[in-house]
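**Q** See protein_26.txt below, with compact mmCIF, C-alpha atoms.
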# COMPACT_ATOMS: atom_id res chain seq x y z
CA MET A 1 61.67 112.25 -123.33
CA ALA A 2 64.53 109.77 -122.94
CA ALA A 3 66.10 111.99 -120.27
CA LEU A 4 62.80 112.14 -118.37
CA PHE A 5 62.40 108.35 -118.60
CA SER A 6 65.96 107.91 -117.33
CA ALA A 7 65.45 110.33 -114.42
CA VAL A 8 62.15 108.73 -113.38
CA THR A 9 63.72 105.26 -113.56
CA ASN A 10 66.58 106.22 -111.28
CA TRP A 11 64.34 108.19 -108.93
CA LEU A 12 62.11 105.12 -108.57
CA LEU A 13 65.17 103.02 -107.80
CA PHE A 14 66.48 105.46 -105.20
CA ALA A 15 63.04 106.07 -103.69
CA GLY A 16 62.52 102.31 -103.42
CA LEU A 17 65.91 101.86 -101.79
CA VAL A 18 65.45 104.61 -99.21
CA ALA A 19 61.89 103.54 -98.42
CA GLY A 20 62.99 99.93 -97.91
CA LEU A 21 66.07 100.81 -95.89
CA GLY A 22 64.05 103.25 -93.77
CA ALA A 23 61.45 100.56 -93.08
CA VAL A 24 64.17 98.09 -92.12
CA ALA A 25 65.72 100.68 -89.79
CA ALA A 26 62.26 101.30 -88.32
CA TRP A 27 61.64 97.59 -87.73
CA TRP A 28 64.95 96.92 -86.01
CA VAL A 29 65.80 100.24 -84.39
CA PHE A 30 62.95 102.74 -84.09
CA ILE A 31 59.97 100.52 -83.26
CA PRO A 32 61.54 98.42 -80.48
CA ARG A 33 62.67 101.57 -78.68
CA ALA A 34 59.47 103.56 -79.24
CA ALA A 35 57.21 100.62 -78.39
CA SER A 36 58.67 100.38 -74.92
CA SER A 37 57.12 103.82 -74.23
CA VAL A 38 53.82 103.30 -76.08
CA PRO A 39 53.19 99.55 -76.34
CA GLU A 40 49.63 100.20 -77.55
CA ALA A 41 51.08 101.77 -80.73
CA ALA A 42 53.50 98.93 -81.49
CA ASP A 43 51.19 97.14 -83.94
CA LEU A 44 50.33 100.33 -85.76
CA MET A 45 54.02 101.21 -86.13
CA ARG A 46 54.73 97.72 -87.48
CA VAL A 47 51.92 98.13 -90.02
CA SER A 48 53.34 101.52 -91.06
CA ALA A 49 56.79 100.02 -91.54
CA GLY A 50 55.21 97.10 -93.41
CA SER A 51 53.39 99.37 -95.85
CA LEU A 52 56.60 101.32 -96.45
CA VAL A 53 58.64 98.20 -97.17
CA ARG A 54 55.87 96.93 -99.47
CA LEU A 55 56.23 100.11 -101.51
CA ALA A 56 59.93 99.38 -101.79
CA GLY A 57 59.28 95.75 -102.70
CA THR A 58 57.08 96.91 -105.57
CA ALA A 59 59.20 99.83 -106.75
CA LEU A 60 62.58 98.10 -106.91
CA PRO A 61 61.88 95.31 -109.45
CA VAL A 62 59.92 97.79 -111.60
CA ALA A 63 62.82 100.28 -111.48
CA LEU A 64 65.31 97.59 -112.43
CA VAL A 65 63.23 96.41 -115.40
CA LEU A 66 62.99 100.04 -116.55
CA ALA A 67 66.75 100.41 -116.07
CA PHE A 68 67.32 97.44 -118.39
CA ALA A 69 64.98 98.95 -120.99
CA ARG A 70 66.88 102.24 -120.80
CA GLN A 71 70.27 100.56 -121.06
CA LEU A 72 69.10 98.44 -124.01
CA ARG A 73 67.81 101.53 -125.79
CA GLU A 74 71.19 103.23 -125.37
CA PHE A 75 72.98 100.01 -126.34
CA ARG A 76 71.06 99.43 -129.58
CA ASP A 77 72.98 98.75 -132.74
CA PRO A 78 70.70 99.74 -135.63
CA PHE A 79 72.26 97.06 -137.82
CA ALA A 80 71.55 94.19 -135.38
CA PRO A 81 68.27 92.68 -134.16
CA TRP A 82 67.33 93.89 -130.68
CA THR A 83 67.28 90.31 -129.38
CA GLU A 84 70.98 90.04 -130.25
CA ASP A 85 71.69 93.32 -128.45
CA ALA A 86 69.69 92.16 -125.40
CA SER A 87 71.67 88.94 -125.29
CA LEU A 88 74.97 90.82 -125.62
CA LEU A 89 73.95 93.32 -122.94
CA ILE A 90 73.16 90.57 -120.45
CA GLY A 91 76.62 89.15 -121.10
CA THR A 92 78.37 92.39 -120.08
CA GLU A 93 79.53 93.11 -116.55
CA TRP A 94 76.71 95.66 -116.32
CA GLY A 95 74.24 92.96 -117.40
CA ARG A 96 75.48 90.43 -114.85
CA THR A 97 75.29 93.05 -112.06
CA TRP A 98 71.79 93.96 -113.21
CA MET A 99 70.61 90.34 -113.24
CA LEU A 100 71.92 89.80 -109.73
CA ALA A 101 70.21 93.00 -108.56
CA LEU A 102 66.94 91.96 -110.22
CA ALA A 103 67.04 88.54 -108.54
CA ILE A 104 67.72 90.16 -105.15
CA SER A 105 64.94 92.71 -105.72
CA LEU A 106 62.47 89.90 -106.45
CA LEU A 107 63.48 88.25 -103.18
CA ALA A 108 63.01 91.64 -101.50
CA ALA A 109 59.52 91.82 -103.04
CA LEU A 110 58.70 88.39 -101.60
CA GLY A 111 60.10 89.43 -98.24
CA SER A 112 58.18 92.69 -98.27
CA ALA A 113 54.90 90.88 -99.00
CA ALA A 114 55.53 88.63 -95.99
CA ALA A 115 56.68 91.56 -93.86
CA ARG A 116 53.50 93.45 -94.76
CA ARG A 117 51.57 90.59 -93.16
CA GLY A 118 53.77 90.90 -90.08
CA ALA A 119 55.93 87.80 -90.61
CA GLY A 120 59.27 88.14 -88.86
CA ALA A 121 60.93 85.98 -91.54
CA GLY A 122 59.77 88.50 -94.13
CA TRP A 123 61.63 91.26 -92.30
CA TRP A 124 64.77 89.14 -92.16
CA LEU A 125 64.50 88.56 -95.91
CA CYS A 126 63.99 92.30 -96.47
CA GLY A 127 67.05 93.14 -94.39
CA LEU A 128 69.19 90.54 -96.10
CA THR A 129 68.20 91.75 -99.58
CA LEU A 130 67.77 95.52 -99.24
CA VAL A 131 71.16 96.14 -97.64
CA PRO A 132 73.04 94.37 -100.50
CA LEU A 133 70.79 96.17 -103.02
CA ALA A 134 72.14 99.45 -101.61
CA ALA A 135 75.37 98.50 -103.39
CA TYR A 136 73.73 98.28 -106.82
CA PRO A 137 74.07 102.01 -107.69
CA ALA A 138 77.76 101.85 -106.79
CA PHE A 139 78.47 98.74 -108.85
CA SER A 140 76.58 100.03 -111.88
CA GLY A 141 77.63 103.68 -111.78
CA HIS A 142 80.41 106.24 -111.52
CA ALA A 143 81.86 104.69 -108.37
CA SER A 144 82.94 101.62 -110.35
CA GLY A 145 84.72 103.69 -112.98
CA THR A 146 87.44 105.17 -110.81
CA GLY A 147 90.30 102.77 -111.50
CA GLY A 148 92.43 102.11 -108.44
CA LEU A 149 90.15 104.26 -106.29
CA ALA A 150 87.15 102.01 -106.98
CA PRO A 151 87.22 100.16 -103.60
CA LEU A 152 87.10 103.53 -101.83
CA THR A 153 84.44 105.10 -104.05
CA ILE A 154 82.26 101.97 -104.04
CA ALA A 155 82.42 101.72 -100.24
CA GLY A 156 81.62 105.44 -100.02
CA ASP A 157 78.67 105.12 -102.39
CA VAL A 158 77.21 102.16 -100.49
CA LEU A 159 77.51 104.06 -97.23
CA HIS A 160 75.92 107.10 -98.92
CA VAL A 161 72.87 105.07 -99.96
CA LEU A 162 72.56 103.37 -96.54
CA ALA A 163 72.76 106.75 -94.78
CA ALA A 164 70.18 108.26 -97.15
CA GLY A 165 67.91 105.30 -96.43
CA ALA A 166 68.22 105.67 -92.67
CA TRP A 167 67.54 109.41 -92.86
CA VAL A 168 64.97 109.88 -95.64
CA GLY A 169 63.35 106.46 -95.27
CA GLY A 170 63.35 106.79 -91.49
CA LEU A 171 61.67 110.18 -91.77
CA ALA A 172 59.05 108.72 -94.12
CA PHE A 173 58.33 106.03 -91.51
CA VAL A 174 58.01 108.58 -88.68
CA LEU A 175 55.51 110.68 -90.67
CA ARG A 176 53.61 107.61 -91.86
CA ALA A 177 53.28 106.17 -88.36
CA GLU A 178 52.26 109.56 -86.96
CA ARG A 179 49.59 110.02 -89.62
CA ALA A 180 48.27 106.48 -89.05
CA TRP A 181 48.17 107.02 -85.26
CA ARG A 182 46.27 110.28 -85.61
CA SER A 183 43.83 108.87 -88.17
CA THR A 184 42.83 106.00 -85.86
CA GLY A 185 41.91 108.42 -83.14
CA ALA A 186 43.40 105.92 -80.70
CA GLY A 187 45.59 108.55 -79.23
CA ASP A 188 42.72 110.97 -78.65
CA GLY A 189 44.60 113.91 -80.09
CA SER A 190 47.95 112.65 -78.89
CA SER A 191 50.96 112.03 -81.07
CA LEU A 192 53.69 109.45 -81.59
CA LEU A 193 56.22 112.20 -82.33
CA PRO A 194 57.37 112.61 -78.70
CA VAL A 195 58.53 108.96 -78.69
CA LEU A 196 59.54 108.52 -82.34
CA VAL A 197 61.54 111.73 -82.84
CA PRO A 198 64.02 111.07 -79.98
CA VAL A 199 64.82 107.60 -81.39
CA PHE A 200 64.99 108.86 -84.98
CA SER A 201 67.05 112.03 -84.44
CA PRO A 202 70.38 110.41 -83.41
CA VAL A 203 70.19 108.09 -86.43
CA ALA A 204 69.42 111.08 -88.67
CA VAL A 205 72.36 113.09 -87.31
CA VAL A 206 74.82 110.23 -87.84
CA SER A 207 73.38 109.69 -91.33
CA VAL A 208 73.82 113.34 -92.27
CA VAL A 209 77.47 113.25 -91.19
CA ALA A 210 78.00 110.06 -93.24
CA LEU A 211 76.23 111.62 -96.24
CA TRP A 212 78.45 114.71 -96.17
CA ALA A 213 81.65 112.71 -95.70
CA THR A 214 80.90 110.27 -98.51
CA GLY A 215 79.47 113.00 -100.74
CA LEU A 216 82.59 115.14 -100.37
CA CYS A 217 84.74 112.11 -101.12
CA ALA A 218 82.77 111.40 -104.32
CA ALA A 219 82.92 115.06 -105.37
CA TRP A 220 86.68 115.10 -104.85
CA VAL A 221 87.08 112.07 -107.09
CA HIS A 222 84.64 113.08 -109.84
CA LEU A 223 85.39 116.79 -110.22
CA SER A 224 88.45 117.97 -112.08
CA SER A 225 88.43 121.25 -110.20
CA VAL A 226 86.13 123.30 -108.01
CA ALA A 227 85.37 125.38 -111.10
CA ASP A 228 83.53 122.35 -112.51
CA LEU A 229 80.69 123.24 -110.13
CA VAL A 230 79.73 125.96 -112.60
CA ALA A 231 81.58 124.89 -115.74
CA THR A 232 80.22 121.41 -116.49
CA PRO A 233 76.68 119.95 -116.53
CA TYR A 234 77.78 117.39 -113.91
CA GLY A 235 79.22 120.10 -111.69
CA ARG A 236 76.13 122.29 -112.02
CA LEU A 237 73.87 119.38 -111.11
CA LEU A 238 76.07 118.62 -108.12
CA ALA A 239 75.91 122.28 -107.07
CA LEU A 240 72.09 122.17 -107.37
CA LYS A 241 72.03 119.01 -105.26
CA LEU A 242 74.22 120.66 -102.62
CA VAL A 243 71.93 123.70 -102.46
CA ILE A 244 68.80 121.56 -101.99
CA VAL A 245 70.62 119.35 -99.47
CA ALA A 246 71.57 122.48 -97.52
CA VAL A 247 67.89 123.52 -97.37
CA VAL A 248 66.84 119.99 -96.32
CA MET A 249 69.50 120.01 -93.60
CA ALA A 250 68.38 123.43 -92.41
CA LEU A 251 64.81 122.11 -92.10
CA GLY A 252 66.13 119.04 -90.27
CA ALA A 253 68.14 121.25 -87.93
CA VAL A 254 65.05 123.32 -87.13
CA ASN A 255 63.14 120.10 -86.39
CA TRP A 256 65.92 118.83 -84.19
CA ARG A 257 67.01 121.91 -82.29
CA ARG A 258 63.89 124.11 -82.20
CA LEU A 259 60.80 121.94 -82.61
CA THR A 260 61.79 118.74 -80.78
CA PRO A 261 61.93 120.56 -77.42
CA ARG A 262 58.36 121.77 -78.14
CA LEU A 263 56.88 118.30 -78.73
CA GLY A 264 55.03 118.55 -75.43
CA GLU A 265 52.64 121.11 -76.94
CA GLU A 266 50.30 120.57 -79.89
CA ALA A 267 51.53 123.70 -81.71
CA GLY A 268 55.09 122.33 -81.63
CA ARG A 269 53.97 118.91 -82.90
CA ALA A 270 51.94 120.50 -85.72
CA ALA A 271 54.91 122.66 -86.72
CA LEU A 272 57.23 119.64 -86.73
CA ARG A 273 54.80 117.59 -88.83
CA GLU A 274 54.61 120.41 -91.35
CA ASN A 275 58.34 121.06 -91.42
CA ALA A 276 59.23 117.36 -91.59
CA THR A 277 56.85 116.88 -94.53
CA ARG A 278 58.67 119.69 -96.35
CA GLU A 279 61.97 118.06 -95.45
CA LEU A 280 60.80 114.74 -96.91
CA LEU A 281 59.52 116.31 -100.13
CA LEU A 282 62.75 118.22 -100.64
CA ALA A 283 64.74 115.07 -99.87
CA HIS A 284 62.91 113.45 -102.79
CA ALA A 285 63.87 116.44 -104.93
CA VAL A 286 67.47 115.63 -103.97
CA LEU A 287 66.89 112.03 -105.08
CA LEU A 288 65.53 113.31 -108.39
CA VAL A 289 68.59 115.51 -108.99
CA THR A 290 70.80 112.57 -108.03
CA ALA A 291 68.87 110.42 -110.50
CA VAL A 292 70.03 112.76 -113.29
CA LEU A 293 73.50 113.26 -111.80
CA VAL A 294 74.39 109.56 -111.83
CA ARG A 295 73.66 109.38 -115.57
CA THR A 296 75.69 112.50 -116.37
CA SER A 297 79.33 112.17 -117.31
CA PRO A 298 81.65 114.05 -114.93
CA MET A 299 83.63 114.98 -118.05
CA GLY A 300 80.73 116.79 -119.68
CA PRO A 301 79.25 115.98 -123.08
CA MET B 1 81.46 126.61 -78.74
CA LYS B 2 79.27 127.54 -81.71
CA THR B 3 81.99 129.87 -83.04
CA LYS B 4 84.55 127.08 -82.77
CA GLY B 5 82.24 124.72 -84.66
CA ALA B 6 81.64 127.28 -87.39
CA LEU B 7 85.36 127.95 -87.71
CA LEU B 8 86.06 124.23 -87.96
CA ALA B 9 83.38 123.83 -90.64
CA ILE B 10 84.75 126.77 -92.66
CA THR B 11 88.32 125.45 -92.35
CA LEU B 12 87.19 122.02 -93.53
CA LEU B 13 85.34 123.54 -96.47
CA ILE B 14 88.35 125.62 -97.52
CA ALA B 15 90.66 122.65 -97.09
CA THR B 16 88.35 120.49 -99.20
CA ALA B 17 88.12 123.14 -101.90
CA ALA B 18 91.90 123.45 -101.96
CA LEU B 19 92.48 119.71 -102.40
CA PRO B 20 94.30 118.97 -105.64
CA ILE B 21 91.37 117.35 -107.41
CA GLY B 22 91.77 116.51 -111.05
CA ARG B 23 91.00 112.86 -111.59
CA ALA B 24 87.73 113.03 -113.51
CA ASP B 25 89.38 112.90 -116.92
CA ALA B 26 91.17 109.68 -115.95
CA PHE B 27 87.87 107.89 -115.34
CA HIS B 28 86.10 108.67 -118.58
CA PHE B 29 85.46 105.87 -121.06
CA GLY B 30 85.94 106.97 -124.62
CA LEU B 31 87.94 106.60 -127.79
CA ARG B 32 91.57 107.64 -127.44
CA SER B 33 92.71 106.98 -131.03
CA SER B 34 91.97 104.86 -134.03
CA THR B 35 93.49 103.33 -137.13
CA PRO B 36 92.60 104.65 -139.62
CA ALA B 37 92.60 107.96 -137.79
CA ALA B 38 89.59 110.26 -137.96
CA ASP B 39 89.48 112.23 -141.24
CA ALA B 40 92.46 110.31 -142.64
CA SER B 41 92.73 109.28 -146.30
CA VAL B 42 94.15 105.78 -146.59
CA PRO B 43 94.29 102.79 -148.91
CA SER B 44 91.68 100.13 -148.17
CA PRO B 45 92.42 99.05 -144.55
CA GLU B 46 92.61 95.38 -143.57
CA GLU B 47 91.24 96.16 -140.14
CA ILE B 48 89.84 98.93 -137.95
CA ARG B 49 91.67 99.40 -134.63
CA LEU B 50 90.12 101.39 -131.83
CA VAL B 51 92.10 102.37 -128.72
CA PHE B 52 89.88 103.13 -125.70
CA THR B 53 90.71 105.03 -122.53
CA GLN B 54 89.54 102.05 -120.43
CA VAL B 55 89.16 98.35 -121.11
CA PRO B 56 85.62 98.06 -122.50
CA GLN B 57 83.29 95.63 -120.77
CA GLU B 58 83.19 92.24 -122.45
CA ASN B 59 80.51 91.88 -125.16
CA SER B 60 79.82 95.61 -125.04
CA VAL B 61 81.73 96.81 -128.10
CA ALA B 62 80.07 97.08 -131.48
CA VAL B 63 81.91 98.54 -134.44
CA ARG B 64 80.10 99.24 -137.69
CA LEU B 65 81.84 100.28 -140.86
CA ILE B 66 79.35 102.22 -142.96
CA ASP B 67 79.92 102.76 -146.69
CA PRO B 68 79.16 105.93 -148.70
CA ALA B 69 75.64 104.62 -149.42
CA GLY B 70 74.89 104.25 -145.70
CA ASP B 71 75.01 100.45 -145.67
CA ALA B 72 77.00 98.38 -143.20
CA VAL B 73 80.13 96.78 -144.66
CA GLN B 74 80.68 93.13 -143.79
CA THR B 75 83.30 92.85 -141.03
CA ALA B 76 84.41 90.25 -138.51
CA ASP B 77 83.22 90.48 -134.91
CA PRO B 78 85.13 92.94 -132.69
CA ALA B 79 87.96 91.31 -130.73
CA TYR B 80 90.29 92.43 -127.96
CA ASP B 81 93.92 92.86 -128.91
CA ALA B 82 95.94 90.00 -127.45
CA GLU B 83 98.50 92.33 -125.86
CA ASP B 84 96.38 95.29 -124.82
CA ARG B 85 92.70 94.95 -123.91
CA HIS B 86 92.21 98.69 -124.35
CA VAL B 87 92.46 97.95 -128.08
CA ILE B 88 89.61 96.47 -130.10
CA HIS B 89 90.14 95.43 -133.69
CA VAL B 90 87.74 94.47 -136.42
CA ALA B 91 88.92 92.73 -139.59
CA VAL B 92 87.54 94.19 -142.81
CA GLU B 93 86.47 91.50 -145.25
CA GLY B 94 87.61 92.28 -148.78
CA ARG B 95 88.90 95.44 -150.37
CA LEU B 96 86.92 98.64 -149.90
CA PRO B 97 86.08 100.73 -152.96
CA ALA B 98 87.27 104.33 -152.84
CA GLY B 99 84.98 106.71 -151.01
CA ALA B 100 84.03 108.21 -147.65
CA TYR B 101 83.37 105.74 -144.83
CA THR B 102 82.11 106.13 -141.29
CA VAL B 103 83.06 104.03 -138.30
CA ALA B 104 80.31 103.96 -135.66
CA TRP B 105 81.29 102.41 -132.35
CA ARG B 106 79.66 101.68 -129.03
CA GLY B 107 80.97 100.34 -125.76
CA ILE B 108 80.46 100.23 -122.00
CA GLY B 109 83.15 101.44 -119.63
CA ASP B 110 83.80 100.60 -115.99
CA ASP B 111 80.96 102.84 -114.80
CA GLY B 112 78.32 100.95 -116.78
CA HIS B 113 77.46 103.86 -119.05
CA VAL B 114 76.95 103.19 -122.74
CA VAL B 115 79.20 105.48 -124.75
CA ARG B 116 79.03 105.76 -128.52
CA GLY B 117 80.69 107.79 -131.18
CA ASP B 118 81.68 107.83 -134.81
CA PHE B 119 84.37 109.18 -137.09
CA ALA B 120 84.95 109.33 -140.82
CA PHE B 121 87.85 108.41 -143.06
CA SER B 122 88.35 108.13 -146.79
CA VAL B 123 89.59 105.22 -148.85
CA THR B 124 91.74 106.39 -151.74
CA ALA B 125 91.69 104.89 -155.20
CA GLN B 126 94.53 102.41 -155.83
For the structure just supplied, provide its representation as structure tokens.

**A**
Amino acid sequence: MAALFSAVTNWLLFAGLVAGLGAVAAWWVFIPRAASSVPEAADLMRVSAGSLVRLAGTALPVALVLAFARQLREFRDPFAPWTEDASLLIGTEWGRTWMLALAISLLAALGSAAARRGAGAGWWLCGLTLVPLAAYPAFSGHASGTGGLAPLTIAGDVLHVLAAGAWVGGLAFVLRAERAWRSTGAGDGSSLLPVLVPVFSPVAVVSVVALWATGLCAAWVHLSSVADLVATPYGRLLALKLVIVAVVMALGAVNWRRLTPRLGEEAGRAALRENATRELLLAHAVLLVTAVLVRTSPMGP
Amino acid sequence: MKTKGALLAITLLIATAALPIGRADAFHFGLRSSTPAADASVPSPEEIRLVFTQVPQENSVAVRLIDPAGDAVQTADPAYDAEDRHVIHVAVEGRLPAGAYTVAWRGIGDDGHVVRGDFAFSVTAQ
């Protein structure tokens, strides 16, 4: 039960981060470019990005409160009152990092509420809070525990989260905007995919390269040997993550190389919608495995 | 072109797999040694000293000395050693009666994970 609670807490945190970062990428990168081709869809795309960032603004503070509850449960001294333990925990480096993250997440929530209503200032606040929040997993996890390598592993972890946000969150935005466009009937059977996919794909490709580079770096630091991939719980989880990531990437490659050239026909668009939905669901499976991985000691039990 | 790309990818994979990795054990927070040592039989100790693999985060260490009846023995608060912050010591107040004792400890390492453990030792009659 505790393991499930821990996994759900971290998944919520990661899902909130990628949703928020994807929405921010959509607001500043995808929408301006796509709207120049279909100005009549600009408002709808902004609303889609706004609803995505609102999800993030809600999920992140909740995830952080749950993370504190989990940490306090693990921190409990049965011979001391829990209030004393809570006070001690807040005084640790972990506690100070957590408090800072919680404060930033509350600002992100405020920003997301304003962004949802279309306020430009809200989007600025979201950008200025969500990007620093991408560093929270690094400063509260394995990346911080690598001694002299910490600057490298922390930078790698932050880049990993930002890249995941641009890819998975960006994909969520593309599917959300497409669904909203089709449900309005405004496009009369048309699709936003022919304009959104070409602006999203280059960002996704760069993100995948960054994810692999930073992921390999982290694996090199945290594994004692390649044999750990089958010998330790951490290694086995990492191997599982790599397998699912490979499937997600294969789906992404099919979308990019095979289905994007067929966006001019409805059958191609339908196939891409279906395949991209699978890609997004599996990407969340990767986030779930990562949620367990980051709480697993690389040294084993 | 595709063959070249595949060859490059395979070469990179092999090169990565061959890298001399082996740092994970250096980054693990845990107990390296203690005084009294685990399973030792000693006269009543004046303090418990725990040596950790990393400097524990401030305020994170709790050390409980538990007597044979399962009750916590009165001790001072844990404190860092003045010369080596990997070492935490806890002064034991008074003389311990003979018997089997357990030291239960908890701390947070650099990676923010709570780690806990315990070990036993015996106090001999004097």

**Q** Interatomic distance between atom CA of Ala37 of chain B and atom CA of Phe75 of chain A?

**A**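 Atom-to-atom, atom CA of Ala37 of chain B to atom CA of Phe75 of chain A, that is 24.1 Å.
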
**Q** Work out how far apart atom CA of Ala291 of chain A and atom CA of Ala26 of chain A are and give it in Å to one decimal.

**A** 24.9 Å

**Q** Starting from chain A, keep only residues with some atom at most 7 Å from an atom of chain B, counting only C-alpha atoms, and report them as a list in words.

**A** Glu74, Phe75, Leu88, Leu89, Gly91, Thr92, Glu93, Trp94, Ser140, Gly141, His142, Ala143, Ser144, Gly145, Thr146, Gly147, Trp220, Val221, His222, Leu223, Ser224, Ser225, Val226, Pro298 and Met299 of chain A

**Q** Would you mind telling me which residue in B:Val73, B:Leu96, B:Val103, B:Ala79 lies nearest to Leu31 of chain B when using only C-alpha atoms?

**A** B:Val103

**Q** How many Å lie between atom CA of His160 of chain A and atom CA of Leu211 of chain A, rounded to one decimal?

**A**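 Computing the Euclidean distance for atom CA of His160 of chain A and atom CA of Leu211 of chain A yields 5.3 Å.
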
**Q** Go through A:Val205, A:Trp212, A:Ser183, A:Ser36 one by one, measure the shortest atom-to-atom distance of each to Ala246 of chain A using all atoms listed in the file, and give the residue with the smallest value.

**A** A:Trp212

**Q** Taking into account all atoms listed in the file, which residue in the set A:Gly264, A:Gly127, A:Gly165, A:Gly235 is nearest to Ser297 of chain A?

**A**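 Counting all atoms listed in the file, the residue closest to Ser297 of chain A is A:Gly235.
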
**Q** Closest to Asp81 of chain B among B:Arg32, B:Ser122, B:Ile48, B:Ala38, using all atoms listed in the file?

**A**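 For Asp81 of chain B, the nearest of the candidates is B:Ile48.
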
**Q** Find the residues around Trp123 of chain A up to 10 Å (all atoms listed in the file counted), leave out those fewer than 4 positions away in its own chain, and share them as a list in words.

**A** Ala23, Val24, Trp27, Trp28, Gly50, Val53, Ala108, Gly111, Ser112, Ala113, Ala114, Ala115, Arg116, Gly118, Ala119, Gly127, Leu128 and Thr129 of chain A

**Q** For the point (52.6, 102.4, -91.9) in the file's frame, write as a list in words all residues with an atom no more than 6 Å away, counting all atoms listed in the file.

**A**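 Those residues lying close to the given coordinates are Val47, Ser48, Ala49, Ser51, Arg176 and Ala177 of chain A.
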
**Q** Just want the 9 Å neighbourhood of Glu46 of chain B, counted on only C-alpha atoms, with same-chain residues fewer than 4 positions away dropped. Output as number ranges by chain.

**A** B: 90-95

**Q** Just the residues within 7 Å of segment 283-287 of chain A, please, counting all atoms listed in the file, with nothing from its chain fewer than 2 positions along; format it as a VMD selection string.

**A** chain A and resid 11 14 168 241 244 to 245 248 279 to 281 289 to 291

**Q** Would you mind listing what lies within 7 Å of Tyr101 of chain B as a PyMOL selection string, with all atoms listed in the file counted and same-chain residues fewer than 2 positions away left out?

**A** chain B and resi 65-68+99+103+120-122

**Q** Store the residues picked out above in a file with C-alpha atoms, as a compact mmCIF listing (two decimals), keeping the file's coordinate frame.

**A**
# COMPACT_ATOMS: atom_id res chain seq x y z
CA LEU B 65 81.84 100.28 -140.86
CA ILE B 66 79.35 102.22 -142.96
CA ASP B 67 79.92 102.76 -146.69
CA PRO B 68 79.16 105.93 -148.70
CA GLY B 99 84.98 106.71 -151.01
CA VAL B 103 83.06 104.03 -138.30
CA ALA B 120 84.95 109.33 -140.82
CA PHE B 121 87.85 108.41 -143.06
CA SER B 122 88.35 108.13 -146.79
